[in-house]
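Source file: structure_27.cif. Holds: mmCIF, C-alpha atoms.
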data_data
#
loop_
_atom_site.label_atom_id
_atom_site.label_comp_id
_atom_site.auth_asym_id
_atom_site.auth_seq_id
_atom_site.Cartn_x
_atom_site.Cartn_y
_atom_site.Cartn_z
CA MET B 1 -28.91 30.15 46.98
CA ALA B 2 -28.44 28.86 50.53
CA ASP B 3 -30.06 30.54 53.54
CA LEU B 4 -26.74 31.15 55.28
CA THR B 5 -26.43 34.72 56.61
CA LEU B 6 -23.48 36.80 57.73
CA THR B 7 -24.13 36.09 61.41
CA ASP B 8 -23.95 32.33 60.74
CA LEU B 9 -20.27 32.68 59.82
CA PRO B 10 -17.34 32.55 62.25
CA LEU B 11 -16.26 36.00 63.41
CA ASP B 12 -13.11 36.08 61.27
CA GLN B 13 -15.15 35.31 58.14
CA GLN B 14 -17.72 37.95 59.10
CA VAL B 15 -14.94 40.52 59.12
CA LEU B 16 -13.72 39.36 55.71
CA VAL B 17 -17.21 39.52 54.22
CA ARG B 18 -17.83 43.01 55.60
CA THR B 19 -14.54 44.18 54.10
CA VAL B 20 -15.44 42.78 50.69
CA VAL B 21 -18.97 44.25 50.80
CA THR B 22 -17.61 47.68 51.74
CA ARG B 23 -15.21 47.50 48.80
CA LEU B 24 -17.86 46.38 46.30
CA THR B 25 -20.85 48.53 47.30
CA PRO B 26 -19.78 51.82 45.61
CA ALA B 27 -19.51 50.08 42.22
CA TYR B 28 -23.18 49.06 42.36
CA GLU B 29 -24.64 52.30 43.68
CA GLY B 30 -28.08 52.83 42.21
CA THR B 31 -28.43 49.25 41.01
CA LEU B 32 -27.84 46.80 43.87
CA GLY B 33 -28.15 47.36 47.60
CA ALA B 34 -25.57 46.41 50.22
CA ASP B 35 -27.86 43.64 51.53
CA THR B 36 -27.94 41.95 48.12
CA ILE B 37 -24.19 42.28 47.71
CA GLU B 38 -23.63 40.84 51.18
CA ARG B 39 -25.92 37.89 50.44
CA PHE B 40 -23.99 37.01 47.28
CA VAL B 41 -20.58 37.40 48.97
CA VAL B 42 -21.64 35.14 51.85
CA ASP B 43 -23.03 32.52 49.50
CA SER B 44 -19.95 32.67 47.24
CA LEU B 45 -17.70 32.17 50.25
CA GLU B 46 -19.80 29.23 51.42
CA GLN B 47 -19.65 27.56 48.00
CA LEU B 48 -15.87 27.92 47.73
CA LEU B 49 -15.01 26.82 51.28
CA PRO B 50 -15.50 23.02 50.82
CA LYS B 51 -12.79 22.83 48.14
CA ALA B 52 -10.40 25.36 49.63
CA THR B 53 -7.08 23.75 50.54
CA VAL B 54 -5.54 27.11 51.50
CA THR B 55 -7.81 29.82 52.88
CA THR B 56 -5.32 32.71 52.63
CA HIS B 57 -6.66 33.88 49.26
CA LEU B 58 -10.26 32.85 49.87
CA PRO B 59 -11.58 36.41 50.44
CA VAL B 60 -10.16 37.49 47.07
CA LEU B 61 -11.67 34.47 45.33
CA ALA B 62 -15.04 34.97 47.03
CA GLU B 63 -15.01 38.59 45.89
CA LYS B 64 -14.24 37.62 42.27
CA PHE B 65 -16.91 34.91 42.32
CA ALA B 66 -19.47 37.31 43.80
CA LYS B 67 -18.65 39.93 41.14
CA ASP B 68 -19.25 37.36 38.38
CA ARG B 69 -22.60 36.50 39.92
CA LEU B 70 -23.61 40.11 40.49
CA ARG B 71 -22.79 40.90 36.86
CA ALA B 72 -25.14 38.09 35.86
CA LEU B 73 -27.81 39.43 38.21
CA LEU B 74 -27.60 42.88 36.62
CA ARG B 75 -28.07 41.29 33.18
CA LEU B 76 -31.18 39.49 34.39
CA GLU B 77 -32.58 42.69 35.87
CA GLY B 78 -31.79 44.70 32.73
CA SER B 79 -29.41 46.99 34.63
CA ALA B 80 -26.17 45.95 32.94
CA GLY B 81 -26.16 48.70 30.31
CA GLU B 82 -25.84 47.92 26.62
CA ALA B 83 -26.61 44.25 25.94
CA ILE B 84 -23.66 42.17 24.85
CA PRO B 85 -23.56 38.40 24.22
CA GLY B 86 -22.99 36.28 27.32
CA VAL B 87 -21.36 32.84 27.27
CA LEU B 88 -20.96 30.25 30.01
CA PHE B 89 -18.45 27.41 29.66
CA LEU B 90 -19.18 24.34 31.78
CA CYS B 91 -17.14 21.20 32.39
CA VAL B 92 -16.81 18.82 35.33
CA HIS B 93 -13.93 20.25 37.36
CA ASN B 94 -13.66 23.80 35.92
CA ALA B 95 -9.91 23.26 35.97
CA GLY B 96 -8.96 22.77 32.31
CA ARG B 97 -11.20 22.93 29.25
CA SER B 98 -13.75 25.46 30.48
CA GLN B 99 -11.03 27.71 31.91
CA MET B 100 -9.05 27.58 28.66
CA ALA B 101 -12.16 28.39 26.63
CA ALA B 102 -13.07 31.30 28.91
CA GLY B 103 -9.49 32.55 28.67
CA TRP B 104 -9.57 32.45 24.87
CA LEU B 105 -12.90 34.25 24.69
CA ARG B 106 -11.86 37.01 27.08
CA HIS B 107 -8.64 37.41 25.11
CA LEU B 108 -10.33 37.58 21.71
CA ALA B 109 -13.49 39.49 22.65
CA GLY B 110 -12.29 41.87 25.35
CA ASP B 111 -15.20 43.69 26.95
CA ARG B 112 -17.57 43.02 24.03
CA MET B 113 -18.81 39.75 25.56
CA ASP B 114 -19.66 38.55 29.06
CA VAL B 115 -17.78 35.36 29.91
CA TRP B 116 -18.27 32.90 32.76
CA SER B 117 -17.07 29.38 33.53
CA GLY B 118 -18.05 26.76 36.08
CA GLY B 119 -18.01 23.09 36.96
CA SER B 120 -20.48 20.45 38.07
CA GLU B 121 -17.86 19.10 40.51
CA PRO B 122 -15.22 21.83 40.80
CA THR B 123 -11.82 20.77 42.05
CA SER B 124 -9.46 22.81 44.21
CA THR B 125 -6.93 24.14 41.65
CA ILE B 126 -6.49 24.94 37.97
CA ASN B 127 -4.62 22.36 35.90
CA PRO B 128 -1.01 23.66 35.80
CA ALA B 129 -0.43 22.23 32.31
CA ALA B 130 -3.44 24.22 31.06
CA VAL B 131 -2.05 27.35 32.71
CA GLU B 132 1.34 26.82 31.05
CA ALA B 133 -0.12 26.06 27.63
CA MET B 134 -2.28 29.20 27.69
CA ALA B 135 0.64 31.33 28.91
CA GLU B 136 2.54 30.26 25.79
CA VAL B 137 0.02 32.20 23.68
CA GLY B 138 -0.05 35.19 26.01
CA ILE B 139 -3.20 34.31 27.96
CA ASP B 140 -2.94 34.30 31.76
CA ILE B 141 -5.40 31.99 33.52
CA ALA B 142 -3.16 31.46 36.55
CA GLN B 143 -5.33 33.72 38.71
CA GLU B 144 -8.55 31.88 37.81
CA PHE B 145 -10.03 29.26 40.13
CA PRO B 146 -12.49 26.35 39.94
CA LYS B 147 -16.02 27.26 40.99
CA PRO B 148 -19.52 25.80 40.68
CA TRP B 149 -22.09 27.05 38.22
CA THR B 150 -24.88 29.10 39.78
CA ASP B 151 -28.49 29.63 38.79
CA GLU B 152 -28.24 33.35 38.00
CA ILE B 153 -25.20 32.87 35.77
CA VAL B 154 -26.83 30.07 33.77
CA ARG B 155 -29.98 32.14 33.34
CA ALA B 156 -27.99 35.25 32.32
CA ALA B 157 -25.93 33.49 29.64
CA ASP B 158 -27.14 33.57 26.04
CA VAL B 159 -25.05 30.52 25.14
CA VAL B 160 -24.06 27.62 27.40
CA ILE B 161 -21.15 25.49 26.21
CA THR B 162 -20.87 22.10 27.91
CA MET B 163 -17.76 19.93 27.92
CA GLY B 164 -18.24 16.48 29.36
CA CYS B 165 -20.48 17.23 32.33
CA GLY B 166 -23.37 15.24 30.84
CA ASP B 167 -26.60 15.13 32.81
CA ALA B 168 -25.03 17.17 35.61
CA CYS B 169 -25.02 20.27 33.39
CA PRO B 170 -28.05 22.53 33.95
CA LEU B 171 -30.68 22.67 31.20
CA TYR B 172 -32.96 25.68 30.86
CA PRO B 173 -35.69 25.78 28.17
CA GLY B 174 -35.18 28.23 25.33
CA LYS B 175 -31.43 28.67 25.88
CA ARG B 176 -28.82 27.95 23.22
CA TYR B 177 -26.64 24.97 24.16
CA GLU B 178 -23.60 23.49 22.47
CA ASP B 179 -21.70 20.41 23.59
CA TRP B 180 -18.02 20.53 22.70
CA VAL B 181 -16.40 17.10 22.63
CA LEU B 182 -12.84 17.78 23.76
CA GLU B 183 -10.11 15.71 25.39
CA ASP B 184 -9.87 16.38 29.12
CA PRO B 185 -6.41 17.92 29.83
CA ALA B 186 -6.31 16.30 33.28
CA GLY B 187 -3.13 14.22 33.50
CA MET B 188 -1.78 15.44 30.14
CA ASP B 189 1.63 16.99 29.67
CA VAL B 190 1.90 20.45 28.12
CA GLU B 191 2.64 19.09 24.64
CA ASP B 192 -0.70 17.27 24.56
CA VAL B 193 -2.57 20.19 26.11
CA ARG B 194 -1.38 22.39 23.23
CA VAL B 195 -3.50 20.27 20.88
CA VAL B 196 -6.57 20.86 23.06
CA ARG B 197 -5.71 24.55 23.27
CA HIS B 198 -5.60 24.82 19.47
CA GLU B 199 -8.97 23.09 19.08
CA ILE B 200 -10.56 25.29 21.73
CA GLU B 201 -9.28 28.43 19.99
CA ALA B 202 -10.87 27.33 16.71
CA ARG B 203 -14.19 26.60 18.42
CA VAL B 204 -14.15 29.93 20.29
CA ARG B 205 -13.51 31.83 17.05
CA ALA B 206 -16.41 30.00 15.40
CA LEU B 207 -18.63 30.81 18.38
CA MET B 208 -17.74 34.50 18.13
CA ASP B 209 -18.56 34.47 14.43
CA SER B 210 -21.96 32.93 15.19
CA VAL B 211 -22.87 35.80 17.53
CA GLY B 212 -21.41 38.50 15.30
CA VAL B 213 -18.40 39.55 17.37
CA GLU B 214 -15.09 40.07 15.55
CA PRO B 215 -11.95 38.79 17.33
CA ILE B 216 -9.51 41.43 18.50
CA SER B 217 -6.65 39.41 17.00
#
Using the file provided, produce a representation of the structure as structure tokens.
Amino acid sequence: MADLTLTDLPLDQQVLVRTVVTRLTPAYEGTLGADTIERFVVDSLEQLLPKATVTTHLPVLAEKFAKDRLRALLRLEGSAGEAIPGVLFLCVHNAGRSQMAAGWLRHLAGDRMDVWSGGSEPTSTINPAAVEAMAEVGIDIAQEFPKPWTDEIVRAADVVITMGCGDACPLYPGKRYEDWVLEDPAGMDVEDVRVVRHEIEARVRALMDSVGVEPIS
């Protein structure tokens, strides 16, 4: 995590961060202090800024990213309640395959698994063909966004699924890794993305079976 602090940010971003921290703090009472929450919100904002083409929704995205990371931190500290399997999907841009896989797993597992996704070189937007293909099966990934993987999320995940990021994907000893060889949906039309969607669904169902979680549907 970078050493950037709240006071290093421009005044308008300081206001945004304080608003997000105030909103998040009650949910972590007794587990995480406001200083920790602030540090993760600031760092999440910093990591998303370089790829942001429109900053209007950046506070919302930074809040969602920080919540993902704080959830991982609670798992690492043993404060997340009953242990459930955690899975991280990684690809290069976090715009297609990894987002589709995360969408499938959230849809099929509900709150019985922790799910994250990230990219080694995240782009600025989700692949619209992937969004459309997933919407066809009732899964909304339109509100998701590309983001980098972070150390605490990789360490918190029980299973790390890689998809084409090669040597750029993080490797931690003793962790279960799987490499899924899938066509990259970038540049595909929706018809071709449907084929990738179908293959990802099959792989996600097999993954759930391997960790003993029954699909909701």
Coordinates-based distance that separates atom CA of B:Val131 from atom CA of B:Arg69 (Å, one decimal):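 It comes out at 23.6 Å.
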d(atom CA of B:Pro148, atom CA of B:Arg205) in Å: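 Distance reported for this atom pair: 25.1 Å.
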Resolved residues for the PyMOL selection byres ((chain B and resi 70-84) around 9) as a list in words: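 For this structure, the PyMOL selection byres ((chain B and resi 70-84) around 9) resolves to Thr31, Leu32, Thr36, Ile37, Phe40, Phe65, Ala66, Lys67, Asp68, Arg69, Pro85, Gly86, Asp111, Arg112, Met113, Asp114, Glu152, Ile153, Val154, Arg155, Ala156 and Ala157 of chain B.
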Contacts of B:Pro128 within 9 Å, all atoms listed in the file, excl. fewer than 5 positions in-chain, as an NGL selection string: :B and (95-96 or 133 or 142 or 190)
Point-to-point distance in Å for atom CA of B:Met134 and atom CA of B:Val193: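 Between atom CA of B:Val193 and atom CA of B:Met134 the gap works out to 9.2 Å.
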Output check: residues returned by the PyMOL selection byres ((chain B and resi 159-168) around 8), as a PyMOL selection string: chain B and resi 86-92+97-98+119-120+154+157-158+169-170+175-182
Spatial sel., origin (-9.5, 13.9, 20.8), limit 10 Å, only C-alpha atoms, listed as a ChimeraX atom specification: /B:181-184,195-196,199
Among listed residues B:Leu24, B:Ala129, B:Ile139, B:Leu9, nearest B:Asp189 (using only C-alpha atoms):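 Closest to B:Asp189, using only C-alpha atoms: B:Ala129.
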Residue neighbourhood B:Ala102, 8 Å, all atoms listed in the file, exclusion window fewer than 3 positions, as a list in words: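 Result of the neighbour search: Phe89, Ser98, Gln99, Leu105, Arg106, Val115, Trp116 and Ser117 of chain B.
The neighbours of B:Pro59 here are the residues that come within 8 Å of it, using all atoms listed in the file and leaving out any residue fewer than 4 positions away in the same chain; they are Leu16, Val17, Val20, Leu45, Thr55 and Glu63 of chain B.
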Could you turn the residues from that selection into a file that holds C-alpha atoms, as a JSON list (two decimals), in the coordinates of the input?
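So the final result, stored in selection.json, reads:
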[["chain", "number", "residue", "atom", "x", "y", "z"],
["B", 16, "LEU", "CA", -13.72, 39.36, 55.71],
["B", 17, "VAL", "CA", -17.21, 39.52, 54.22],
["B", 20, "VAL", "CA", -15.44, 42.78, 50.69],
["B", 45, "LEU", "CA", -17.70, 32.17, 50.25],
["B", 55, "THR", "CA", -7.81, 29.82, 52.88],
["B", 63, "GLU", "CA", -15.01, 38.59, 45.89]]
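Checking B:Val15, B:Leu58, B:Pro10, B:Gly110 one by one against B:Phe145, counting all atoms listed in the file, you find the shortest gap at B:Leu58.
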Polymer residues at most 7 Å from B:Val204, all atoms listed in the file, same-chain spacing of 2 or more positions, as a ChimeraX atom specification: /B:101,104-105,200-202,206-208
Nearest residue to B:Thr123 from the set B:Ile141, B:Ala186, B:Leu171, B:Leu6 (distances using all atoms listed in the file):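 Answer, going by the shortest atom-to-atom distance: B:Ala186.
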Among the residues B:His107, B:Lys147, B:His93, B:Arg203, the one that comes closest to B:Ala62 [using all atoms listed in the file]: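 Looking only at the distances to B:Ala62, the closest residue turns out to be B:Lys147.
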From B:Ala52, B:Leu61, B:Val137, B:Met100, residue lying nearest B:Thr125 [only C-alpha atoms]: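 Result for the nearest residue to B:Thr125: B:Ala52.
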Pick from B:Val213, B:Pro146, B:Pro26, B:Asp43, whichever lies nearest to B:Asp8 using only C-alpha atoms: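 Smallest distance to B:Asp8 is found for B:Asp43.
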Box for stretch 10-18 of chain B: with edges along x, y and z, all listed atoms inside and 3 Å added on each side, what are the centre and edge lengths in Å to one decimal, as JSON?
{"center_x": -15.5, "center_y": 37.8, "center_z": 58.8, "size_x": 10.7, "size_y": 16.5, "size_z": 15.2}
